[in-house]
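Inspection log for the structure reproduced underneath, given as structure tokens.
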Amino acid sequence: MANRLASALVLGCATGAIAIATATPAHAQESSSSLRGQITGGATEVTAVDPATSFRRSVSIDENGRYNFPQLRPATYYLEITTADGDVRQTDEFTLLIAQDALLNFDVNELAAVSGSPGAPSDDNLILVTGQRIRTLEGGEVGANITQREISTLPQNNRNFLAFAELAPGVSFENPDGQSRIQGGGQNSRTVNVYIDGVGQKDYVLKNGITGQDSSEGNPFPQLAVGEYRVISSNYKAEFDQVSSVAITAGTKSGTNEYHGSVFFDYQDSGMREKTIDEKVRGREKVEVRDMQFGGSLGGPIIADTLFFFGTYEGKRIIRPATVEPGASFPESFFPADLQDRFGPNSREFNENLYFGKLSFQPTSRDVFELTGKYRDETGVFSYGGTTSEEAAASQDVDEIRGLFRWEHTSDNFVNDFKATYENAFWSPRPQNFTPGRIYEYSGISPVTGQLLNRARLLRIGGSANFQDKGQEGYSIQNDFTWIGIPDHTIKAGIKSKWVRLDRVEQNFFNAQYSYNVNFPDGGFNTTVPYEVQFGAGTGQGTPSVISNNWQFGIYIQDDWIVNDRLTLNLGIRWDYEETPSYLDFVTPPEVVAAVSEANYPNIFQPGVEYDINDYITDGTQRDAFLGAFQPRLGFSYEFLDQGKLVLFGGYGRSYDRNQFDFIAQEVSINAYSTRTFNFITGDPENECNPSPTCVPFDPIYLTEEGRQQLLDNAGVGAGRSIRLINNDLKVPYSDQFSLGLRSDLTSLFNVEVGYRHIKSRDGFAYLLGNRRPDGSFFPDAPATPSSPFGFAPPGWGSIIIGTNGLRTDEDAFHFKFVKRYSQRSPWNLSATYTYTDGTENRAFGEYFSFDFPTLEDYTIKTSSGLRKHRLVVAGAVDLPTETTLSGKFVYSSPRFLNSFVRTPGGTPPVEVVTVETAGNGDRWGFRQLDLAITQNIPLSFLSDRSRIYVRADIINAMNDRNYNSFNSVTGERNLNSFSTDGPPRTLKLSAGFEF
């Protein structure tokens, strides 16, 4: 590690030298903004001043009148310009947004002199109104800025600041059961990344992209701490790493020379919502619901003009309905009396505490130091409701700590930005009690519907099978160097080195799970003789804990080049590298090598078998880290008309993501701790099995820990234990992104954009079934019904599961975006984005276990499941003269698509994948939701100009739309037995707060 650190520092110095020598410039930082332009009329120096903190930064003006601030914190500024005569003239105030490249040209004679300066003009109309002059240069990016105005005024239900990301073209914000995620680019949520103050929040272990968003109702960051953010749908700059779909960059608030703070309280309960569809149809009373969210913030000076602080806390106390009911439409009276008390309406709790603090220190006009910290703590239960009783639910625990130290130093022609970070984020579900679980099923003709049921689950009781502890801990250093020494270029080169320990502990089925066919023997309700048991057991090959001390390294260089007054090019390239020792140094256990040898399992050595098992066996020397993650990022913009009235933009970029550790660590963990499955011979004709080490006559002792150990001892090392292997030449998933469009600033406040983008992702990770029949075939010969060869595992072992690359998606999308920005003179804002998307994939959306075909190449390219072709998102707010703000958000989209497998005996191919569009909610829509909010402000001007009390009401799903989400996978018709919906029924949320 010491050698790597030394190499990283040497390479960083070399990178900076190369950047200077080649004049390869850069863009605004992920967490900052830039401002440049041309001043006519004679000037020598320009100074950007933040009036809130008295921060000042000066740059010189070249012989052509050009100036360049390559990096400024997003804030409100004014400019002071020193003329050739020594006068100081001043602009009006203007605001720079996060990740904004702003352009401001003007004549110094338009400006008023600073009070007291010689020659100050008497005509007050000579003050520059920059709100009508400043322009944004977005280059080839496709995205949207989400301002503090939108964050604070638009209606929402859970205070997740990411809820408004869907205002960007092609981005959706999903919130099933309160668990939020971002999706875009025809890819799943694990491919996104969120950068807060320039630091990625990537989850290296679990899904949903960023830490803490897997199976959690919590928020990733306190909303009070977020100043604003930018959502980039495609074609981000070279400084963005570990992302292949949506990149979101957010900036946190800082203290100023004035003390400001706020407190808030949000509340809703069962009396403030309509009944759910399930409650209405079944004639039930409302289940108790209570949602309380509260918090506050405070910021201000410690030393005026020099040292500032900001801190915030947000908490959640949520009680949600969790109704337990029999499966397969069975009545509660069907069950024995001692089981009937498990059913009925109940509730589950969730608690979250979020803390954030920040210190900002600016000892000179050239140096800024920042120290920030975040702590997140969550508790609760999940996987509770439906057929799962309260005792069988798992606890939900999330702990996350993040810290950042930043030093930004500015010289006459460069800015150096150094960051050091620390992170510790873990997700740890646990059983609430450690007792065996019992799963009651029904096989046979249903006495309720008359349909033939095959192991239909009716009820689950006992201890949960979910027992995990997964997360990451580590630190990083990164440095970004920006140089403006060459006219018309802004030079940036960056380097990052990160050391992070990845942990995966999975002891699922630590609580044994017994399955019962309640219909055998006939005439009773069987709760004594199970037909199957599943339980976790160690294999003697280490511990269930997989720890990998990963090293990540990345470098980039980038150039924003103003070729002429109309053409701007954005040219960049980055390279990333990661070592995962648990994968690279893995040694295939000898007993596994023997199990898949030709002598023991000749099936996979027959002619025509589509893979070579030797590509998946290693002695610890066959694997190398992926070296091919070179990522060109190219963009351009060309102005047909001056002042941004008509701009052509476009670009191409390649972006590498990463392989999820939770998948690739299974090769190690399953060899240490695996789930064993044993079937029992009970005489049940619905659950017959051939006598074998894993199919034995039932004995009541098998209901005990002693009996389960006997099953293991008698079965042998491999019986019931699957083999998990990963390709020795594992690649890293990536996407190629193309965009082309037109945008126009109709006025200083109105902007329209039309565009097209194509995003293709390749080399996604998936697991395949490695079993083959004795002749090497995957499917049986016709006319037998096609089936996967699960029953043809190596003798004495479970199935072979092999991991490799091959998942792919393609997305073609057209969008139209209209934005009206807010101003004091025009106090309303509106954003409307329509996106048409045509997407394809070779595996059902988000599925990674691919056991229906022998290879991923055999999967048919079909319309993306989960995709909505048409999507319209409209959001806006207006201030009324009565200190009242009205706001709304409307989302309307077409139905989803589903992919299903149809097996055709004797057909070619034997299995077909059929795509069907779901019926949605009739012919009108697939998803529709209108949210409204009204805020009444009560100014407290006797305290200060900013002091106020406010009361607010949010109406979520104001039209009470029924957005059903359960459909038949073959016909696409709605599942009439399910009343599950996306989003809540009409719900009122009341809020109150105080700000000063």
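Convention: chains lettered A, B, ... in structure tokens order; per-chain residue numbering from 1; ligands numbered from 1 as shown.
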Quick one: pick out all alpha helix (DSSP H) residues within region 310-553 of chain A from a backbone DSSP run and write them as a ChimeraX atom specification. /A:337-340
Would you kindly return, as a short mmCIF file (atom, residue, chain, number, x, y, z; two decimals) with N, CA and C atoms, in the first residue's frame, each protein, DNA or RNA residue with an atom no farther than 12 Å from any atom of Val951 (chain A), considering only C-alpha atoms and excluding same-chain residues fewer than 2 positions away?
```cif
data_model
loop_
_atom_site.label_atom_id
_atom_site.label_comp_id
_atom_site.auth_asym_id
_atom_site.auth_seq_id
_atom_site.Cartn_x
_atom_site.Cartn_y
_atom_site.Cartn_z
N VAL A 263 -36.14 25.88 11.93
CA VAL A 263 -36.67 24.65 12.50
C VAL A 263 -37.92 24.30 11.71
N PHE A 264 -38.24 23.01 11.64
CA PHE A 264 -39.44 22.60 10.92
C PHE A 264 -40.02 21.35 11.58
N PHE A 265 -41.30 21.13 11.31
CA PHE A 265 -41.98 19.92 11.79
C PHE A 265 -43.04 19.55 10.74
N ASP A 266 -42.94 18.32 10.21
CA ASP A 266 -43.91 17.78 9.26
C ASP A 266 -44.69 16.66 9.94
N TYR A 267 -45.99 16.59 9.63
CA TYR A 267 -46.82 15.58 10.30
C TYR A 267 -47.91 15.08 9.37
N GLU A 883 -47.91 36.98 0.56
CA GLU A 883 -46.87 36.17 1.21
C GLU A 883 -47.22 34.68 1.16
N THR A 884 -47.92 34.31 0.10
CA THR A 884 -48.33 32.93 -0.09
C THR A 884 -47.61 32.35 -1.30
N THR A 885 -47.16 31.10 -1.20
CA THR A 885 -46.55 30.41 -2.32
C THR A 885 -47.37 29.18 -2.66
N ALA A 933 -48.97 21.99 -3.17
CA ALA A 933 -48.55 22.53 -1.88
C ALA A 933 -48.91 24.01 -1.80
N ILE A 934 -49.25 24.45 -0.62
CA ILE A 934 -49.49 25.87 -0.36
C ILE A 934 -48.77 26.25 0.92
N THR A 935 -48.00 27.33 0.86
CA THR A 935 -47.23 27.80 2.00
C THR A 935 -47.64 29.23 2.32
N GLN A 936 -47.99 29.48 3.56
CA GLN A 936 -48.32 30.83 4.02
C GLN A 936 -47.21 31.33 4.93
N ASN A 937 -46.56 32.39 4.50
CA ASN A 937 -45.48 32.99 5.28
C ASN A 937 -46.02 34.12 6.14
N ILE A 938 -45.51 34.22 7.35
CA ILE A 938 -45.86 35.30 8.26
C ILE A 938 -44.56 36.01 8.62
N PRO A 939 -44.27 37.14 7.95
CA PRO A 939 -42.98 37.82 8.20
C PRO A 939 -42.88 38.32 9.63
N ARG A 948 -39.25 34.69 9.62
CA ARG A 948 -40.65 34.39 9.28
C ARG A 948 -41.07 33.11 9.98
N ILE A 949 -42.38 33.01 10.18
CA ILE A 949 -43.03 31.76 10.53
C ILE A 949 -43.81 31.32 9.30
N ALA A 953 -49.17 23.16 3.69
CA ALA A 953 -49.94 21.93 3.46
C ALA A 953 -49.52 21.34 2.11
N ASP A 954 -49.13 20.08 2.12
CA ASP A 954 -48.82 19.34 0.90
C ASP A 954 -49.92 18.30 0.68
N LYS A 989 -50.19 16.33 4.13
CA LYS A 989 -49.09 16.51 5.07
C LYS A 989 -49.08 17.97 5.52
N LEU A 990 -49.06 18.19 6.83
CA LEU A 990 -49.04 19.54 7.38
C LEU A 990 -47.66 19.84 7.94
N SER A 991 -47.22 21.07 7.74
CA SER A 991 -45.89 21.47 8.18
C SER A 991 -45.95 22.85 8.81
N ALA A 992 -45.01 23.09 9.69
CA ALA A 992 -44.84 24.42 10.27
C ALA A 992 -43.36 24.63 10.52
N GLY A 993 -42.94 25.89 10.46
CA GLY A 993 -41.53 26.15 10.66
C GLY A 993 -41.25 27.59 10.99
N PHE A 994 -40.01 27.84 11.37
CA PHE A 994 -39.54 29.18 11.70
C PHE A 994 -38.17 29.35 11.10
N GLU A 995 -37.93 30.48 10.44
CA GLU A 995 -36.65 30.79 9.85
C GLU A 995 -36.21 32.19 10.24
#
```
Go through A:Gly920, A:Gly385, A:Gly471, A:Pro521 one by one, measure the shortest atom-to-atom distance of each to Arg348 (chain A) using only C-alpha atoms, and give the residue with the smallest value.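 Ranked by minimum distance to Arg348 (chain A), first place goes to A:Gly385.
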Set the distance at 12 Å and use only C-alpha atoms: which residues neighbour Thr904 (chain A) once local chain neighbours fewer than 2 positions away are removed? I'd like the list as a PDB file with N, CA and C atoms, in the first residue's frame.
```pdb
ATOM      1  N   PHE A 779     -30.758 -27.824 -23.087  1.00  0.00           N
ATOM      2  CA  PHE A 779     -32.173 -28.194 -23.156  1.00  0.00           C
ATOM      3  C   PHE A 779     -32.327 -29.669 -23.515  1.00  0.00           C
ATOM      4  N   PRO A 780     -33.429 -30.287 -23.096  1.00  0.00           N
ATOM      5  CA  PRO A 780     -33.678 -31.678 -23.504  1.00  0.00           C
ATOM      6  C   PRO A 780     -34.092 -31.738 -24.971  1.00  0.00           C
ATOM      7  N   ASP A 781     -33.959 -32.892 -25.561  1.00  0.00           N
ATOM      8  CA  ASP A 781     -34.376 -33.078 -26.940  1.00  0.00           C
ATOM      9  C   ASP A 781     -35.895 -32.975 -27.042  1.00  0.00           C
ATOM     10  N   ALA A 782     -36.351 -32.463 -28.185  1.00  0.00           N
ATOM     11  CA  ALA A 782     -37.790 -32.410 -28.457  1.00  0.00           C
ATOM     12  C   ALA A 782     -38.326 -33.843 -28.553  1.00  0.00           C
ATOM     13  N   PRO A 783     -39.577 -34.077 -28.218  1.00  0.00           N
ATOM     14  CA  PRO A 783     -40.613 -33.084 -27.897  1.00  0.00           C
ATOM     15  C   PRO A 783     -40.746 -32.784 -26.419  1.00  0.00           C
ATOM     16  N   ALA A 784     -39.724 -33.090 -25.629  1.00  0.00           N
ATOM     17  CA  ALA A 784     -39.818 -32.816 -24.198  1.00  0.00           C
ATOM     18  C   ALA A 784     -39.952 -31.308 -23.961  1.00  0.00           C
ATOM     19  N   THR A 785     -40.641 -30.959 -22.890  1.00  0.00           N
ATOM     20  CA  THR A 785     -40.803 -29.553 -22.532  1.00  0.00           C
ATOM     21  C   THR A 785     -39.456 -28.951 -22.169  1.00  0.00           C
ATOM     22  N   PRO A 786     -39.059 -27.840 -22.776  1.00  0.00           N
ATOM     23  CA  PRO A 786     -37.758 -27.241 -22.481  1.00  0.00           C
ATOM     24  C   PRO A 786     -37.629 -26.905 -21.003  1.00  0.00           C
ATOM     25  N   SER A 787     -36.486 -27.189 -20.435  1.00  0.00           N
ATOM     26  CA  SER A 787     -36.227 -26.876 -19.033  1.00  0.00           C
ATOM     27  C   SER A 787     -34.733 -26.743 -18.825  1.00  0.00           C
ATOM     28  N   PHE A 901     -40.981 -15.476 -20.205  1.00  0.00           N
ATOM     29  CA  PHE A 901     -40.419 -16.609 -20.928  1.00  0.00           C
ATOM     30  C   PHE A 901     -41.540 -17.571 -21.308  1.00  0.00           C
ATOM     31  N   VAL A 902     -41.567 -17.945 -22.574  1.00  0.00           N
ATOM     32  CA  VAL A 902     -42.552 -18.901 -23.075  1.00  0.00           C
ATOM     33  C   VAL A 902     -41.802 -20.120 -23.579  1.00  0.00           C
ATOM     34  N   GLY A 906     -40.490 -28.593 -28.760  1.00  0.00           N
ATOM     35  CA  GLY A 906     -40.246 -28.850 -30.169  1.00  0.00           C
ATOM     36  C   GLY A 906     -39.958 -27.612 -30.980  1.00  0.00           C
ATOM     37  N   GLY A 907     -40.015 -26.439 -30.351  1.00  0.00           N
ATOM     38  CA  GLY A 907     -39.809 -25.205 -31.103  1.00  0.00           C
ATOM     39  C   GLY A 907     -38.349 -24.865 -31.256  1.00  0.00           C
ATOM     40  N   THR A 908     -38.081 -23.910 -32.167  1.00  0.00           N
ATOM     41  CA  THR A 908     -36.737 -23.397 -32.367  1.00  0.00           C
ATOM     42  C   THR A 908     -36.808 -21.870 -32.316  1.00  0.00           C
ATOM     43  N   PRO A 909     -36.289 -21.226 -31.307  1.00  0.00           N
ATOM     44  CA  PRO A 909     -35.615 -21.822 -30.140  1.00  0.00           C
ATOM     45  C   PRO A 909     -36.628 -22.446 -29.188  1.00  0.00           C
ATOM     46  N   PRO A 910     -36.133 -23.285 -28.265  1.00  0.00           N
ATOM     47  CA  PRO A 910     -37.064 -23.955 -27.352  1.00  0.00           C
ATOM     48  C   PRO A 910     -37.683 -23.021 -26.328  1.00  0.00           C
ATOM     49  N   VAL A 911     -37.045 -21.881 -26.085  1.00  0.00           N
ATOM     50  CA  VAL A 911     -37.580 -20.895 -25.151  1.00  0.00           C
ATOM     51  C   VAL A 911     -37.597 -19.547 -25.855  1.00  0.00           C
ATOM     52  N   GLU A 912     -38.715 -18.856 -25.791  1.00  0.00           N
ATOM     53  CA  GLU A 912     -38.844 -17.536 -26.384  1.00  0.00           C
ATOM     54  C   GLU A 912     -39.122 -16.516 -25.284  1.00  0.00           C
ATOM     55  N   VAL A 913     -38.647 -15.294 -25.493  1.00  0.00           N
ATOM     56  CA  VAL A 913     -38.929 -14.203 -24.576  1.00  0.00           C
ATOM     57  C   VAL A 913     -39.953 -13.292 -25.242  1.00  0.00           C
ATOM     58  N   VAL A 914     -41.051 -13.077 -24.571  1.00  0.00           N
ATOM     59  CA  VAL A 914     -42.151 -12.303 -25.129  1.00  0.00           C
ATOM     60  C   VAL A 914     -42.285 -11.006 -24.332  1.00  0.00           C
TER      61      VAL A 914
END
```
Contacts of Tyr229 (chain A) at 12 Å (only C-alpha atoms; same-chain gap of 2+ positions) as a PDB file with C-alpha atoms, in the first residue's frame:
```
ATOM      1  CA  GLU A  30     -18.406  19.028  -9.569  1.00  0.00           C
ATOM      2  CA  SER A  31     -19.094  21.136  -6.482  1.00  0.00           C
ATOM      3  CA  SER A  32     -18.234  24.598  -7.817  1.00  0.00           C
ATOM      4  CA  SER A  33     -18.960  27.016 -10.664  1.00  0.00           C
ATOM      5  CA  PRO A  74     -21.925  28.531  -5.906  1.00  0.00           C
ATOM      6  CA  LEU A  96     -23.878  31.257  -9.767  1.00  0.00           C
ATOM      7  CA  LEU A  97     -25.444  27.775  -9.698  1.00  0.00           C
ATOM      8  CA  ILE A  98     -23.611  24.569  -8.907  1.00  0.00           C
ATOM      9  CA  ALA A  99     -21.573  23.118 -11.809  1.00  0.00           C
ATOM     10  CA  GLN A 100     -22.510  26.197 -13.876  1.00  0.00           C
ATOM     11  CA  GLY A 143     -29.422  17.650 -17.609  1.00  0.00           C
ATOM     12  CA  ALA A 144     -31.118  20.134 -15.293  1.00  0.00           C
ATOM     13  CA  ASN A 145     -30.289  22.376 -12.343  1.00  0.00           C
ATOM     14  CA  ILE A 146     -32.421  21.965  -9.222  1.00  0.00           C
ATOM     15  CA  THR A 147     -32.308  25.220  -7.286  1.00  0.00           C
ATOM     16  CA  GLN A 148     -32.991  25.968  -3.639  1.00  0.00           C
ATOM     17  CA  ARG A 149     -36.249  27.535  -4.801  1.00  0.00           C
ATOM     18  CA  GLU A 150     -37.448  24.182  -6.150  1.00  0.00           C
ATOM     19  CA  ILE A 151     -36.136  22.167  -3.210  1.00  0.00           C
ATOM     20  CA  PHE A 161     -33.678  16.089  -1.930  1.00  0.00           C
ATOM     21  CA  LEU A 162     -33.250  13.698  -4.883  1.00  0.00           C
ATOM     22  CA  ALA A 163     -37.032  13.639  -5.431  1.00  0.00           C
ATOM     23  CA  PHE A 164     -36.761  16.415  -8.025  1.00  0.00           C
ATOM     24  CA  ALA A 165     -34.049  14.745 -10.124  1.00  0.00           C
ATOM     25  CA  LEU A 167     -36.990  17.120 -13.866  1.00  0.00           C
ATOM     26  CA  ALA A 168     -33.948  16.162 -15.953  1.00  0.00           C
ATOM     27  CA  VAL A 194     -24.223  11.290  -6.330  1.00  0.00           C
ATOM     28  CA  TYR A 195     -21.381  13.724  -5.609  1.00  0.00           C
ATOM     29  CA  ILE A 196     -21.730  15.925  -2.534  1.00  0.00           C
ATOM     30  CA  ASP A 197     -19.187  18.726  -2.329  1.00  0.00           C
ATOM     31  CA  GLY A 198     -17.302  16.944  -5.108  1.00  0.00           C
ATOM     32  CA  GLN A 223     -32.294  18.298   2.848  1.00  0.00           C
ATOM     33  CA  ALA A 225     -27.935  21.016   4.250  1.00  0.00           C
ATOM     34  CA  VAL A 226     -28.294  20.956   0.442  1.00  0.00           C
ATOM     35  CA  GLY A 227     -27.991  24.280  -1.291  1.00  0.00           C
ATOM     36  CA  VAL A 231     -28.640  16.309 -12.544  1.00  0.00           C
ATOM     37  CA  ILE A 232     -26.723  15.145 -15.643  1.00  0.00           C
ATOM     38  CA  ALA A 247     -24.637  11.775 -12.268  1.00  0.00           C
ATOM     39  CA  ILE A 248     -25.912  14.157  -9.593  1.00  0.00           C
ATOM     40  CA  THR A 249     -23.662  16.815  -8.101  1.00  0.00           C
ATOM     41  CA  ALA A 250     -24.828  18.686  -4.994  1.00  0.00           C
ATOM     42  CA  GLY A 251     -23.346  21.473  -2.906  1.00  0.00           C
ATOM     43  CA  THR A 252     -23.850  21.954   0.818  1.00  0.00           C
ATOM     44  CA  LYS A 253     -24.708  25.180   2.578  1.00  0.00           C
TER      45      LYS A 253
END
```
Residues of region 485-584 of chain A that have any atom at most 12 Å from an atom of region 683-699 of chain A: could you tabulate them with the shortest-distance atom pair and the distance in Å to one decimal, using only C-alpha atoms, ordered by chain and increasing number, as CSV?
```
residue,atom,partner,partner_atom,distance
A:Ser515,CA,A:Asn687,CA,10.8
A:Tyr516,CA,A:Asn687,CA,10.0
A:Asn517,CA,A:Asp684,CA,8.4
A:Val518,CA,A:Asp684,CA,10.6
A:Asn519,CA,A:Asp684,CA,9.2
A:Phe520,CA,A:Asp684,CA,6.3
A:Pro521,CA,A:Asp684,CA,7.5
A:Asp522,CA,A:Asp684,CA,10.0
A:Asn526,CA,A:Asp684,CA,11.3
A:Thr528,CA,A:Phe698,CA,10.8
A:Val529,CA,A:Phe698,CA,7.6
A:Pro530,CA,A:Phe698,CA,8.1
A:Tyr531,CA,A:Asn687,CA,6.7
A:Glu532,CA,A:Asn687,CA,8.8
A:Val533,CA,A:Thr694,CA,10.2
A:Gln534,CA,A:Thr694,CA,10.9
```
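Comparing A:Gly357, A:Asn346, A:Gln201, A:Gln242 by their smallest distance to Thr421 (chain A), the closest is A:Gln201 (using only C-alpha atoms).
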For Leu746 (chain A), the nearest of the candidates A:Arg135, A:Glu423, A:Gly170, A:Arg284, counting only C-alpha atoms: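 Counting only C-alpha atoms, the residue closest to Leu746 (chain A) is A:Arg135.
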Within 6 Å of region 792-796 of chain A using only C-alpha atoms, minus same-chain residues under 3 positions, as a PyMOL selection string: chain A and resi 601+718-719+771+773+789+799
Return as a count of residues only the full set of residues in region 602-714 of chain A whose backbone-based DSSP assignment is strand (DSSP E or B). 37
